[in-house]
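Student: The structure is given below, and queries will be raised subsequently.
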There are 2 protein chains.
Amino acid sequence: MTDTTTDVTEHDEYDEYGEHDEHDEHAGPESPEAAEILASARLCVDPELRRAIDSLPGAMRRIARYHFGWEHADGSPAAGHAGKAIRPALVLAAVRALGGDQAMAVRAAAAVELIHNFTLLHDDVIDRDATRRHRPTAWTVFGEPDAILAGDALQALAQLLLAEDPHPGAPAAAARLASCVVELCAGQQADGALERRGPDEVTLDECLAMAEAKTGALLGCACALGALYAGAGRSEVEALDGFGREAGLAFQLIDDVIGIWGDPGHTGKPARADLAARKKSLPVVAALASGTPAAAELAELYGRPSADGDLDRMAHAVETAGGRDWALLHAGDRMSRAINQLAGAVPVPEAAGSLLALAEFVTRRTH
Amino acid sequence: MTDTTTDVTEHDEYDEYGEHDEHDEHAGPESPEAAEILASARLCVDPELRRAIDSLPGAMRRIARYHFGWEHADGSPAAGHAGKAIRPALVLAAVRALGGDQAMAVRAAAAVELIHNFTLLHDDVIDRDATRRHRPTAWTVFGEPDAILAGDALQALAQLLLAEDPHPGAPAAAARLASCVVELCAGQQADGALERRGPDEVTLDECLAMAEAKTGALLGCACALGALYAGAGRSEVEALDGFGREAGLAFQLIDDVIGIWGDPGHTGKPARADLAARKKSLPVVAALASGTPAAAELAELYGRPSADGDLDRMAHAVETAGGRDWALLHAGDRMSRAINQLAGAVPVPEAAGSLLALAEFVTRRTH
């Protein structure tokens, strides 16, 4: 990140929500295709999103418009951006990949984006995060009660868009999106519960399951909704869901590596941020579970306040215990699984191109 | 209330949510018909509700089961009751009133009850209420984050029930319920905003609009969903919505009168509770708007800490300024409108019997 006001609180949001909005500003050279796909999805979904938000009653509308970066706190227009639209882009790309007409799936894409933003509003309250997308979070501006209520209203609005959509895929999409919300809630709950436990009381399987629920589920749901709107059969829909989930897990693994070792040349995210916060990220938990002497050292360092040089010692211990290698290998494995799932449902490589470009975009910081 | 542990915080929940659960224990003599209708609705909807809740992942399920009174905080079974099931009873009674088969509308009834309980979970967090249905509120037991997430999951679960319901009325019901949630959120937001303003900065129209959104909307929606599940036309659906809304407003007006003058012989609710809390209830706002000397006295008393006898002076001022008479007359007027709406859609009085009994039940404390 180039913003010098960035603090640890702001970084956490990126880890936790797969929402590394700043990166698109720097993404051009690496992924012109993904950047084009995202810009096109934003153009496509924004009018629907704005129409939906503008249908909300006064105060709810104002909070939502602030959260999306369309207004300042005083209600004056803002040119801020509402995130990278990865989830709407996945919906639309999945529709195209399965031979559907993406113009018919704009409501579904907007619904997924509304659900994503409902969870951001609530998670910021829950995690006491003060900054999102370079601005004060909604609850710091409007108070916790109104931020909670605006989140509730966005969840309802997402379901309203689908319930009023005459598209034959809409009812199944509504059910799938509602199920996904339950999974997102469980994932966010598990995240809090895992963070409250001791570092040696958390298993890797639990952390992977949490990351899948919290990050993978909505990416998978976005792809599945695209498949439903393309009229795909059950196996294609499940394969697309699997593609999004696996790519989401790969993203989370990479993001966790960056949270320790950083990627300053690319994103500016400072190294060691997750270690300073004692986050039970996937490389850390893998290292702790390794049964090595480095694992014991890491557990000891994680259990006490940091002295000078401790953060570097922790990073070294995670690496020595194999946590970094495991995370990178596992991320690669998840991407392979994602690609396999996609290949099963979309045999023509050209048709799958946009989905692959998006998956590579969200995990590209490996390269 | 006969429970001596009852405190002001607990009373507030009754005013705010139309959720005066205790009363059914004492309701037998006055309304045997309503008591039977409610008991029958509870029996009808509970299996569907329990099945839905049991489909939630671990922690979400546990919080929901606690909130519904089915489990203690430690997860052991509890025989507590989950409220009076007024909203499910309205759904089922509306189906019957319009000649539908109530057995086909059980999911819709459960969905409405889930939405009601989602709002209770969040409103308790927002209002810092510590007690509901004689037990510590979920957020005091499980923490605010998990109570927020459990509420989110219940909203999603309600929509999931409707999205998976093959009944032809389900899609329109889903849209209507989602719109209603937006209205409930706006109503709760308005309630907080009105309470933060000075007593002379709040108009009666604003308070009535807030009460309609917060209390009337879901009662209206319950009736409208029943009409949709009976296959009724648009005008019947709107009339049933109007019936529930008007009855909900009548309830709120009566409840606000009880919050000042009490009804100790019946409910045990102590007189003056809303005055002690400086609540901008409808009789108070009507009194303040009267332009009488008593209004000026009331405004002065509301603006400073209470001395001995001040609560009685306030009650007297509200009465002298006409606030009590206005509220009771207006409640009667709303009930008349409710009955007219119902008569337009259900011309056969026998068919409307259950709906009328329920409407009289929720407002019966006038008699």
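Each chain in the structure tokens gets a letter, A, B and so on, in the order shown; residues start at 1 in every chain, and ligands are counted from 1 in the order they appear.
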Given a cut-off of 7 Å, which residues of chain A touch chain B, counting only C-alpha atoms, written out as a short mmCIF file (atom, residue, chain, number, x, y, z; two decimals) with N, CA, C and O atoms, in the first residue's frame?

Tutor:
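Below you can see iface-v7.cif, which holds the result:
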```cif
data_model
loop_
_atom_site.label_atom_id
_atom_site.label_comp_id
_atom_site.auth_asym_id
_atom_site.auth_seq_id
_atom_site.Cartn_x
_atom_site.Cartn_y
_atom_site.Cartn_z
N PRO A 57 -34.73 3.22 2.56
CA PRO A 57 -35.18 4.44 3.26
C PRO A 57 -33.98 5.28 3.69
O PRO A 57 -32.87 4.75 3.87
N MET A 60 -30.76 4.38 6.07
CA MET A 60 -30.11 3.16 5.60
C MET A 60 -29.38 3.43 4.28
O MET A 60 -28.28 2.95 4.04
N ILE A 126 -17.80 -6.03 14.50
CA ILE A 126 -17.37 -7.15 15.35
C ILE A 126 -15.88 -7.07 15.65
O ILE A 126 -15.44 -7.31 16.78
N PRO A 145 -25.02 0.81 16.25
CA PRO A 145 -26.40 0.39 15.97
C PRO A 145 -26.78 0.58 14.50
O PRO A 145 -27.29 -0.34 13.86
N ASP A 146 -26.50 1.77 13.97
CA ASP A 146 -26.93 2.03 12.61
C ASP A 146 -26.11 1.24 11.59
O ASP A 146 -26.62 0.88 10.52
N LEU A 149 -27.70 -2.16 11.57
CA LEU A 149 -28.98 -2.12 10.85
C LEU A 149 -28.78 -1.97 9.35
O LEU A 149 -29.50 -2.58 8.55
N ALA A 153 -30.06 -4.47 6.47
CA ALA A 153 -30.85 -4.02 5.32
C ALA A 153 -30.21 -4.48 4.01
O ALA A 153 -30.91 -4.85 3.06
N ALA A 156 -31.09 -8.06 3.38
CA ALA A 156 -32.47 -8.15 2.90
C ALA A 156 -32.57 -7.70 1.44
O ALA A 156 -33.26 -8.32 0.62
N LEU A 157 -31.85 -6.62 1.11
CA LEU A 157 -31.89 -6.07 -0.25
C LEU A 157 -31.36 -7.08 -1.27
O LEU A 157 -31.90 -7.19 -2.38
N GLN A 159 -31.56 -10.31 -1.06
CA GLN A 159 -32.60 -11.31 -1.28
C GLN A 159 -33.78 -10.72 -2.05
O GLN A 159 -34.43 -11.41 -2.83
N LEU A 160 -34.03 -9.43 -1.83
CA LEU A 160 -35.11 -8.78 -2.57
C LEU A 160 -34.81 -8.76 -4.07
O LEU A 160 -35.68 -9.02 -4.90
N ALA A 163 -35.46 -12.22 -5.32
CA ALA A 163 -36.88 -12.59 -5.24
C ALA A 163 -37.69 -11.90 -6.33
O ALA A 163 -38.70 -12.42 -6.79
N GLU A 164 -37.23 -10.71 -6.74
CA GLU A 164 -37.97 -9.96 -7.77
C GLU A 164 -37.43 -10.22 -9.17
O GLU A 164 -37.93 -9.65 -10.14
N PRO A 171 -34.66 -18.43 -8.17
CA PRO A 171 -35.02 -19.10 -6.90
C PRO A 171 -33.89 -19.97 -6.35
O PRO A 171 -33.59 -19.90 -5.15
N ALA A 174 -31.28 -17.75 -4.92
CA ALA A 174 -31.66 -17.19 -3.62
C ALA A 174 -31.38 -18.20 -2.50
O ALA A 174 -30.86 -17.84 -1.44
N ALA A 175 -31.73 -19.45 -2.74
CA ALA A 175 -31.48 -20.47 -1.72
C ALA A 175 -29.99 -20.64 -1.48
O ALA A 175 -29.52 -20.72 -0.34
N ALA A 178 -28.58 -17.65 0.43
CA ALA A 178 -28.98 -17.68 1.85
C ALA A 178 -28.15 -18.71 2.61
O ALA A 178 -27.68 -18.46 3.73
N SER A 179 -27.96 -19.88 2.01
CA SER A 179 -27.11 -20.90 2.64
C SER A 179 -25.70 -20.39 2.83
O SER A 179 -25.05 -20.65 3.84
N VAL A 181 -24.78 -17.32 3.28
CA VAL A 181 -24.73 -16.36 4.39
C VAL A 181 -24.61 -17.10 5.71
O VAL A 181 -23.83 -16.71 6.59
N VAL A 182 -25.35 -18.19 5.86
CA VAL A 182 -25.23 -18.98 7.09
C VAL A 182 -23.78 -19.44 7.25
O VAL A 182 -23.20 -19.38 8.35
N CYS A 185 -21.51 -16.54 8.29
CA CYS A 185 -21.68 -16.23 9.72
C CYS A 185 -20.93 -17.24 10.57
O CYS A 185 -20.25 -16.87 11.54
N ALA A 186 -21.06 -18.50 10.22
CA ALA A 186 -20.37 -19.54 10.99
C ALA A 186 -18.86 -19.36 10.87
O ALA A 186 -18.12 -19.56 11.84
N GLN A 189 -17.83 -16.45 13.02
CA GLN A 189 -17.92 -16.88 14.42
C GLN A 189 -16.72 -17.75 14.77
O GLN A 189 -16.08 -17.58 15.82
#
```

Student: Quick one: everything within 9 Å of A:Val112, counting only C-alpha atoms, minus sequence neighbours fewer than 4 positions away in the same chain. Send it as an MDAnalysis selection string.

Tutor: chainID A and resid 87:88 91 107:108 116:117 158 177 218 221:222 225

Student: If we count only C-alpha atoms and set the cut-off at 12 Å, which residues sit around A:Asp205, ignoring sequence neighbours fewer than 5 positions away in its own chain? Please answer as a PDB file with N, CA, C and O atoms, in the first residue's frame.

Tutor:
```pdb
ATOM      1  N   LEU A 194     -11.571 -19.151  17.340  1.00  0.00           N
ATOM      2  CA  LEU A 194     -10.200 -19.666  17.208  1.00  0.00           C
ATOM      3  C   LEU A 194      -9.200 -18.653  17.753  1.00  0.00           C
ATOM      4  O   LEU A 194      -8.219 -19.028  18.412  1.00  0.00           O
ATOM      5  N   MET A 210     -12.366 -22.871   8.710  1.00  0.00           N
ATOM      6  CA  MET A 210     -12.788 -21.490   8.969  1.00  0.00           C
ATOM      7  C   MET A 210     -12.527 -20.621   7.738  1.00  0.00           C
ATOM      8  O   MET A 210     -13.392 -19.845   7.306  1.00  0.00           O
ATOM      9  N   ALA A 211     -11.331 -20.756   7.157  1.00  0.00           N
ATOM     10  CA  ALA A 211     -10.988 -19.941   5.983  1.00  0.00           C
ATOM     11  C   ALA A 211     -11.907 -20.270   4.812  1.00  0.00           C
ATOM     12  O   ALA A 211     -12.310 -19.373   4.055  1.00  0.00           O
ATOM     13  N   GLU A 212     -12.247 -21.543   4.676  1.00  0.00           N
ATOM     14  CA  GLU A 212     -13.158 -21.910   3.583  1.00  0.00           C
ATOM     15  C   GLU A 212     -14.518 -21.242   3.787  1.00  0.00           C
ATOM     16  O   GLU A 212     -15.097 -20.694   2.852  1.00  0.00           O
ATOM     17  N   LEU A 282      -2.710 -19.338   8.729  1.00  0.00           N
ATOM     18  CA  LEU A 282      -2.474 -20.735   8.320  1.00  0.00           C
ATOM     19  C   LEU A 282      -1.005 -21.146   8.395  1.00  0.00           C
ATOM     20  O   LEU A 282      -0.702 -22.232   8.912  1.00  0.00           O
ATOM     21  N   VAL A 285      -0.180 -21.750  12.118  1.00  0.00           N
ATOM     22  CA  VAL A 285      -0.796 -22.940  12.698  1.00  0.00           C
ATOM     23  C   VAL A 285      -0.123 -24.202  12.128  1.00  0.00           C
ATOM     24  O   VAL A 285       0.113 -25.178  12.853  1.00  0.00           O
ATOM     25  N   ALA A 286       0.213 -24.153  10.839  1.00  0.00           N
ATOM     26  CA  ALA A 286       0.940 -25.289  10.248  1.00  0.00           C
ATOM     27  C   ALA A 286       2.288 -25.469  10.945  1.00  0.00           C
ATOM     28  O   ALA A 286       2.700 -26.600  11.257  1.00  0.00           O
ATOM     29  N   ALA A 289       1.965 -26.955  14.376  1.00  0.00           N
ATOM     30  CA  ALA A 289       1.562 -28.361  14.360  1.00  0.00           C
ATOM     31  C   ALA A 289       2.679 -29.276  13.874  1.00  0.00           C
ATOM     32  O   ALA A 289       2.487 -30.486  13.770  1.00  0.00           O
TER      33      ALA A 289
END
```
